[in-house]
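See structure below.
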Amino acid sequence: MTATFLSEWLNLLFRWFHLIVGVAWIGTSFYFIALDLSLRKREGQAQGIFGSAWEVHGGGFYHVEKYMVAPKELPKDLIWYKWDAYLTWVSGFALLTVQYYFNATVYLIDPEVMKLLPSEAVAISIASLAFGWVVYDRLCRSPIGKNTPLLAACLLVIILGATYGYSQVFSGRGVLIHVGALIGTFMAFNVFMVIIPNQKKITADLLAGREPDAALGLIGKQRSVHNNYLTLPVLLMMVSNHYPLLTGHSQPVLVVALILVMGGMVRHFINRHDAHDNFANFWWALPAAAVSLIAAVIVTTPAKLGGDVAVSDTQALQIAQAHCASCHSASPTNEAFTEAPKNIELDSVADLRRYDTLIMAQAVRSNAMPLGNETGMTKHERELLGAWLQAH
């Protein structure tokens with residue numbers, strides 16, 4: 001078994017595990033926010049109860065109550081929701097390592113953006129995630145953290161600033177996956193560094209007979225809400241590498257901004273609906289998301305290619321053999337692959353015609369291919385290949 005073959009299996013297993021625990025974490029986040037927003041004060045409610053909710057699912061009825069701080073006594077079988085969050089981040093970082101760190105020259109580094117050694121690219125990646133968390137956490141703990149609109153605006157600036165910084169260092173694929181990894185780090189560390197420690201302090205005070213600090217719960221709630229609003233954008237970031245219209249765009253900051261607005265507005269609409277707010281107070285959220293979506297479609301619309309240029313079949317095939325066939329061939333020469341990715345082989349003119357739409361999207365209208373532009377494919381070569389594809 002080759003190292004490449006084992007790497008592919010590790011990639012597959014980490015990705016599968018990441019999806020499983022990610023679904024569990026996101027589902028829990030969505031459920032508890034919806035539950036929190038659906039709580040209602042009821043007649044005869046015991047002292048110290050913030051509200052309760054009646055729910056029906058799977059043929060059964062459930063009655064859930066929330067305490068303003070904590071009950072006087074806690075059962076031994078208290079359930080803590082934390083491992084899904086931890087494992088999502090750990091498996092995501094493992095996937096980042098296998099996919100991007102082990103293959104930095106292919107997926108992470110673009111010499112046209114910045115010439116880096118793999119070790120330098122990996123160091124920048126890790127340092128940026130750690131630094132980003134420190135900045136975000138300090139911001140939340142500062143006086144700005146008490147002003148929700150201002151905090152949201154500052155968080156947007158942090159994420160967009162990070163996007164710009166990544167775009168000056170990494171390949172298009174590396175940019176969006178790192179924005180997603182940065183947001184995911186905020187979310188997981190919110191649970192690990194803030195929410196769970198605060199809950200443990202409340203529990204310890206309760207068991208010791210002390211009055212728990214209500215502020216600890218409010219801080220945890222704030223971070224939980226952040227996680228909820230960031231979920232939809234981070235999901236799109238994580239699948240963005242399958243779409244060169246996103247990763248190959250020349251304005252990644254604009255793309256990320258529109259994704260954040262789209263995801264945030266959809267989440268806001270759902271949350272306010274779950275809270276049974278007056279529709280007049282939140283109707284605007286979906287139109288705002290729709291406008292952002294339309295803007296995203298417009299800004300990612302491919303530009304028209306240059307004028308007609310006569311390109312022969314031989315010229316087109318030569319370009320493909322020079323820049324595509326090292327990976328997309330019956331016998332790949334690129335050490336990162338044992339077989340053609342997605343079984344797309346580009347060894348003949350007939351192959352080029354068969355996959356013309358994919359080639360146009362990946363290698364002509366964007367620089368997503370070749371990976372990391374390892375072969376140094378020029379803009380002129382992309383234009384020539386595009387002209388041939390349009391003519392055929």
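Residue numbering restarts at 1 in every chain; chains get A, B, ... in the order shown in the structure tokens, and ligands count up from 1 in that same order.
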Can you tell me, as number ranges by chain, what residues are no more than 8 Å from region 93-103 of chain A when counting only C-alpha atoms, ignoring any on the same chain fewer than 6 positions away? A: 7, 10-11, 14-15, 118, 122, 174, 181, 336
For the contact check between region 6-114 of chain A and region 267-286 of chain A, emit one row per residue of region 6-114 of chain A within 6 Å, containing the shortest atom pair and the distance in Å rounded to one decimal, counting only C-alpha atoms, chain then rising number order, as a Markdown table.
```
| residue | atom | partner | partner_atom | distance |
| --- | --- | --- | --- | --- |
| A:Ala34 | CA | A:Asp274 | CA | 5.8 |
| A:Leu37 | CA | A:Ala275 | CA | 4.5 |
| A:Ser38 | CA | A:Ala275 | CA | 5.3 |
```
Generate a file of the selected residues that holds C-alpha atoms, formatted as a PDB file, in the first residue's frame.
```pdb
ATOM      1  CA  ALA A  34     -35.268  26.837  19.150  1.00  0.00           C
ATOM      2  CA  LEU A  37     -36.896  30.764  22.116  1.00  0.00           C
ATOM      3  CA  SER A  38     -40.061  28.692  22.545  1.00  0.00           C
TER       4      SER A  38
END
```
CA of His242 (chain A) sits from CA of Leu358 (chain A) at a separation of 11.5 Å
Hey, which of A:Tyr355, A:Phe192, A:Phe337, A:Trp388 ends up closest to Ser312 (chain A)? Count only C-alpha atoms. A:Trp388
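When only C-alpha atoms are used to compute distances to Arg382 (chain A), the closest of the residues A:Leu246, A:Lys342, A:Leu87, A:Ile319 turns out to be A:Ile319.
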Which neighbours of region 43-49 of chain A fall inside 10 Å, counting only C-alpha atoms, when residues of the same chain fewer than 5 positions from it are skipped, and could you give them as a ChimeraX atom specification? /A:65-72
Those same residues - C-alpha atoms - I'd like them written as a PDB file, in the first residue's frame.
```pdb
ATOM      1  CA  GLU A  65     -38.451  23.624  31.959  1.00  0.00           C
ATOM      2  CA  LYS A  66     -35.581  26.096  32.114  1.00  0.00           C
ATOM      3  CA  TYR A  67     -34.254  27.526  35.372  1.00  0.00           C
ATOM      4  CA  MET A  68     -33.170  31.160  35.506  1.00  0.00           C
ATOM      5  CA  VAL A  69     -29.801  30.134  36.973  1.00  0.00           C
ATOM      6  CA  ALA A  70     -29.861  26.554  38.267  1.00  0.00           C
ATOM      7  CA  PRO A  71     -32.087  24.360  40.434  1.00  0.00           C
ATOM      8  CA  LYS A  72     -31.268  23.852  44.100  1.00  0.00           C
TER       9      LYS A  72
END
```
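Atom to atom, CA of Leu151 (chain A) and CA of Ala295 (chain A) stand 24.9 Å apart.
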Between CA of Pro212 (chain A) and CA of Asn190 (chain A) - distance in Å to one decimal: 20.3 Å
Write out as JSON lines a residue-level contact list of region 178-260 of chain A versus region 154-170 of chain A with cut-off 7 Å: for each qualifying residue the closest pair of atoms and the distance in Å to one decimal, counting only C-alpha atoms, rows sorted by chain and residue number upward.
```
{"residue": "A:Val179", "atom": "CA", "partner": "A:Thr163", "partner_atom": "CA", "distance": 6.2}
{"residue": "A:Pro252", "atom": "CA", "partner": "A:Thr163", "partner_atom": "CA", "distance": 6.9}
{"residue": "A:Val253", "atom": "CA", "partner": "A:Thr163", "partner_atom": "CA", "distance": 5.7}
{"residue": "A:Ala257", "atom": "CA", "partner": "A:Leu160", "partner_atom": "CA", "distance": 6.8}
```
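By only C-alpha atoms, and with residues fewer than 5 positions from Pro302 (chain A) along its chain excluded, the set lying at most 9 Å from it is Leu245, Ala361, Arg365 and Ser366 of chain A.
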Which residues, written as a PyMOL selection string, have at least one atom at most 9 Å from Leu260 (chain A), with only C-alpha atoms counted and residues fewer than 6 positions away on the same chain left out? chain A and resi 156+230+232-234
Given the selection you just returned, output its residues as a file containing N, CA and C atoms, formatted as a PDB file, in the first residue's frame.
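Result written to result_13.pdb:
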```pdb
ATOM      1  N   LEU A 156     -17.786  40.763  12.060  1.00  0.00           N
ATOM      2  CA  LEU A 156     -17.778  40.769  10.591  1.00  0.00           C
ATOM      3  C   LEU A 156     -16.451  41.307  10.072  1.00  0.00           C
ATOM      4  N   LEU A 230     -23.429  31.574  13.160  1.00  0.00           N
ATOM      5  CA  LEU A 230     -22.287  31.298  12.294  1.00  0.00           C
ATOM      6  C   LEU A 230     -22.384  29.941  11.605  1.00  0.00           C
ATOM      7  N   LEU A 232     -24.615  28.377   9.501  1.00  0.00           N
ATOM      8  CA  LEU A 232     -24.924  28.281   8.075  1.00  0.00           C
ATOM      9  C   LEU A 232     -23.770  28.796   7.204  1.00  0.00           C
ATOM     10  N   PRO A 233     -23.172  29.934   7.532  1.00  0.00           N
ATOM     11  CA  PRO A 233     -22.014  30.358   6.729  1.00  0.00           C
ATOM     12  C   PRO A 233     -20.861  29.368   6.752  1.00  0.00           C
ATOM     13  N   VAL A 234     -20.549  28.792   7.921  1.00  0.00           N
ATOM     14  CA  VAL A 234     -19.391  27.899   7.995  1.00  0.00           C
ATOM     15  C   VAL A 234     -19.641  26.623   7.194  1.00  0.00           C
TER      16      VAL A 234
END
```
Between A:Ile183, A:Met237, A:Ala350, A:Ile294, which residue has the minimum interatomic distance to Leu129 (chain A), considering only C-alpha atoms? A:Ile183
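The neighbours of Val261 (chain A) here are the residues that come within 10 Å of it, using only C-alpha atoms and leaving out any residue fewer than 2 positions away in the same chain; they are Leu156, Pro233, Val256, Ala257, Leu258, Ile259, Gly263, Gly264, Met265, Val266, Arg267, Ala285, Ala288, Ala289, Ala290, Val291, Ser292 and Leu293 of chain A.
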Dump as a PDB file, in the first residue's frame, selection limited to N, CA and C atoms:
```pdb
ATOM      1  N   LEU A 156     -17.786  40.763  12.060  1.00  0.00           N
ATOM      2  CA  LEU A 156     -17.778  40.769  10.591  1.00  0.00           C
ATOM      3  C   LEU A 156     -16.451  41.307  10.072  1.00  0.00           C
ATOM      4  N   PRO A 233     -23.172  29.934   7.532  1.00  0.00           N
ATOM      5  CA  PRO A 233     -22.014  30.358   6.729  1.00  0.00           C
ATOM      6  C   PRO A 233     -20.861  29.368   6.752  1.00  0.00           C
ATOM      7  N   VAL A 256     -17.184  36.150   0.730  1.00  0.00           N
ATOM      8  CA  VAL A 256     -17.384  35.761   2.127  1.00  0.00           C
ATOM      9  C   VAL A 256     -18.407  36.673   2.801  1.00  0.00           C
ATOM     10  N   ALA A 257     -18.352  37.972   2.516  1.00  0.00           N
ATOM     11  CA  ALA A 257     -19.307  38.911   3.105  1.00  0.00           C
ATOM     12  C   ALA A 257     -20.743  38.542   2.724  1.00  0.00           C
ATOM     13  N   LEU A 258     -20.950  38.210   1.467  1.00  0.00           N
ATOM     14  CA  LEU A 258     -22.291  37.842   1.016  1.00  0.00           C
ATOM     15  C   LEU A 258     -22.749  36.526   1.637  1.00  0.00           C
ATOM     16  N   ILE A 259     -21.836  35.580   1.794  1.00  0.00           N
ATOM     17  CA  ILE A 259     -22.176  34.310   2.437  1.00  0.00           C
ATOM     18  C   ILE A 259     -22.575  34.542   3.900  1.00  0.00           C
ATOM     19  N   GLY A 263     -26.331  33.583   5.225  1.00  0.00           N
ATOM     20  CA  GLY A 263     -26.514  32.616   6.296  1.00  0.00           C
ATOM     21  C   GLY A 263     -27.056  33.235   7.566  1.00  0.00           C
ATOM     22  N   GLY A 264     -26.520  34.399   7.922  1.00  0.00           N
ATOM     23  CA  GLY A 264     -26.954  35.070   9.143  1.00  0.00           C
ATOM     24  C   GLY A 264     -28.411  35.500   9.088  1.00  0.00           C
ATOM     25  N   MET A 265     -28.840  36.026   7.931  1.00  0.00           N
ATOM     26  CA  MET A 265     -30.219  36.483   7.803  1.00  0.00           C
ATOM     27  C   MET A 265     -31.215  35.325   7.809  1.00  0.00           C
ATOM     28  N   VAL A 266     -30.860  34.226   7.152  1.00  0.00           N
ATOM     29  CA  VAL A 266     -31.741  33.049   7.182  1.00  0.00           C
ATOM     30  C   VAL A 266     -31.870  32.524   8.611  1.00  0.00           C
ATOM     31  N   ARG A 267     -30.738  32.468   9.310  1.00  0.00           N
ATOM     32  CA  ARG A 267     -30.761  31.991  10.688  1.00  0.00           C
ATOM     33  C   ARG A 267     -31.590  32.927  11.565  1.00  0.00           C
ATOM     34  N   ALA A 285     -35.652  39.925   7.068  1.00  0.00           N
ATOM     35  CA  ALA A 285     -34.462  39.077   7.073  1.00  0.00           C
ATOM     36  C   ALA A 285     -34.357  38.225   5.803  1.00  0.00           C
ATOM     37  N   ALA A 288     -33.453  40.308   2.770  1.00  0.00           N
ATOM     38  CA  ALA A 288     -32.038  40.672   2.852  1.00  0.00           C
ATOM     39  C   ALA A 288     -31.166  39.519   2.386  1.00  0.00           C
ATOM     40  N   ALA A 289     -31.538  38.286   2.786  1.00  0.00           N
ATOM     41  CA  ALA A 289     -30.795  37.104   2.342  1.00  0.00           C
ATOM     42  C   ALA A 289     -30.936  36.922   0.842  1.00  0.00           C
ATOM     43  N   ALA A 290     -32.146  37.179   0.318  1.00  0.00           N
ATOM     44  CA  ALA A 290     -32.389  37.026  -1.120  1.00  0.00           C
ATOM     45  C   ALA A 290     -31.577  38.034  -1.927  1.00  0.00           C
ATOM     46  N   VAL A 291     -31.508  39.262  -1.448  1.00  0.00           N
ATOM     47  CA  VAL A 291     -30.716  40.293  -2.141  1.00  0.00           C
ATOM     48  C   VAL A 291     -29.240  39.898  -2.144  1.00  0.00           C
ATOM     49  N   SER A 292     -28.765  39.358  -1.023  1.00  0.00           N
ATOM     50  CA  SER A 292     -27.374  38.912  -0.947  1.00  0.00           C
ATOM     51  C   SER A 292     -27.115  37.753  -1.906  1.00  0.00           C
ATOM     52  N   LEU A 293     -28.083  36.847  -2.018  1.00  0.00           N
ATOM     53  CA  LEU A 293     -27.945  35.726  -2.948  1.00  0.00           C
ATOM     54  C   LEU A 293     -27.885  36.218  -4.388  1.00  0.00           C
TER      55      LEU A 293
END
```
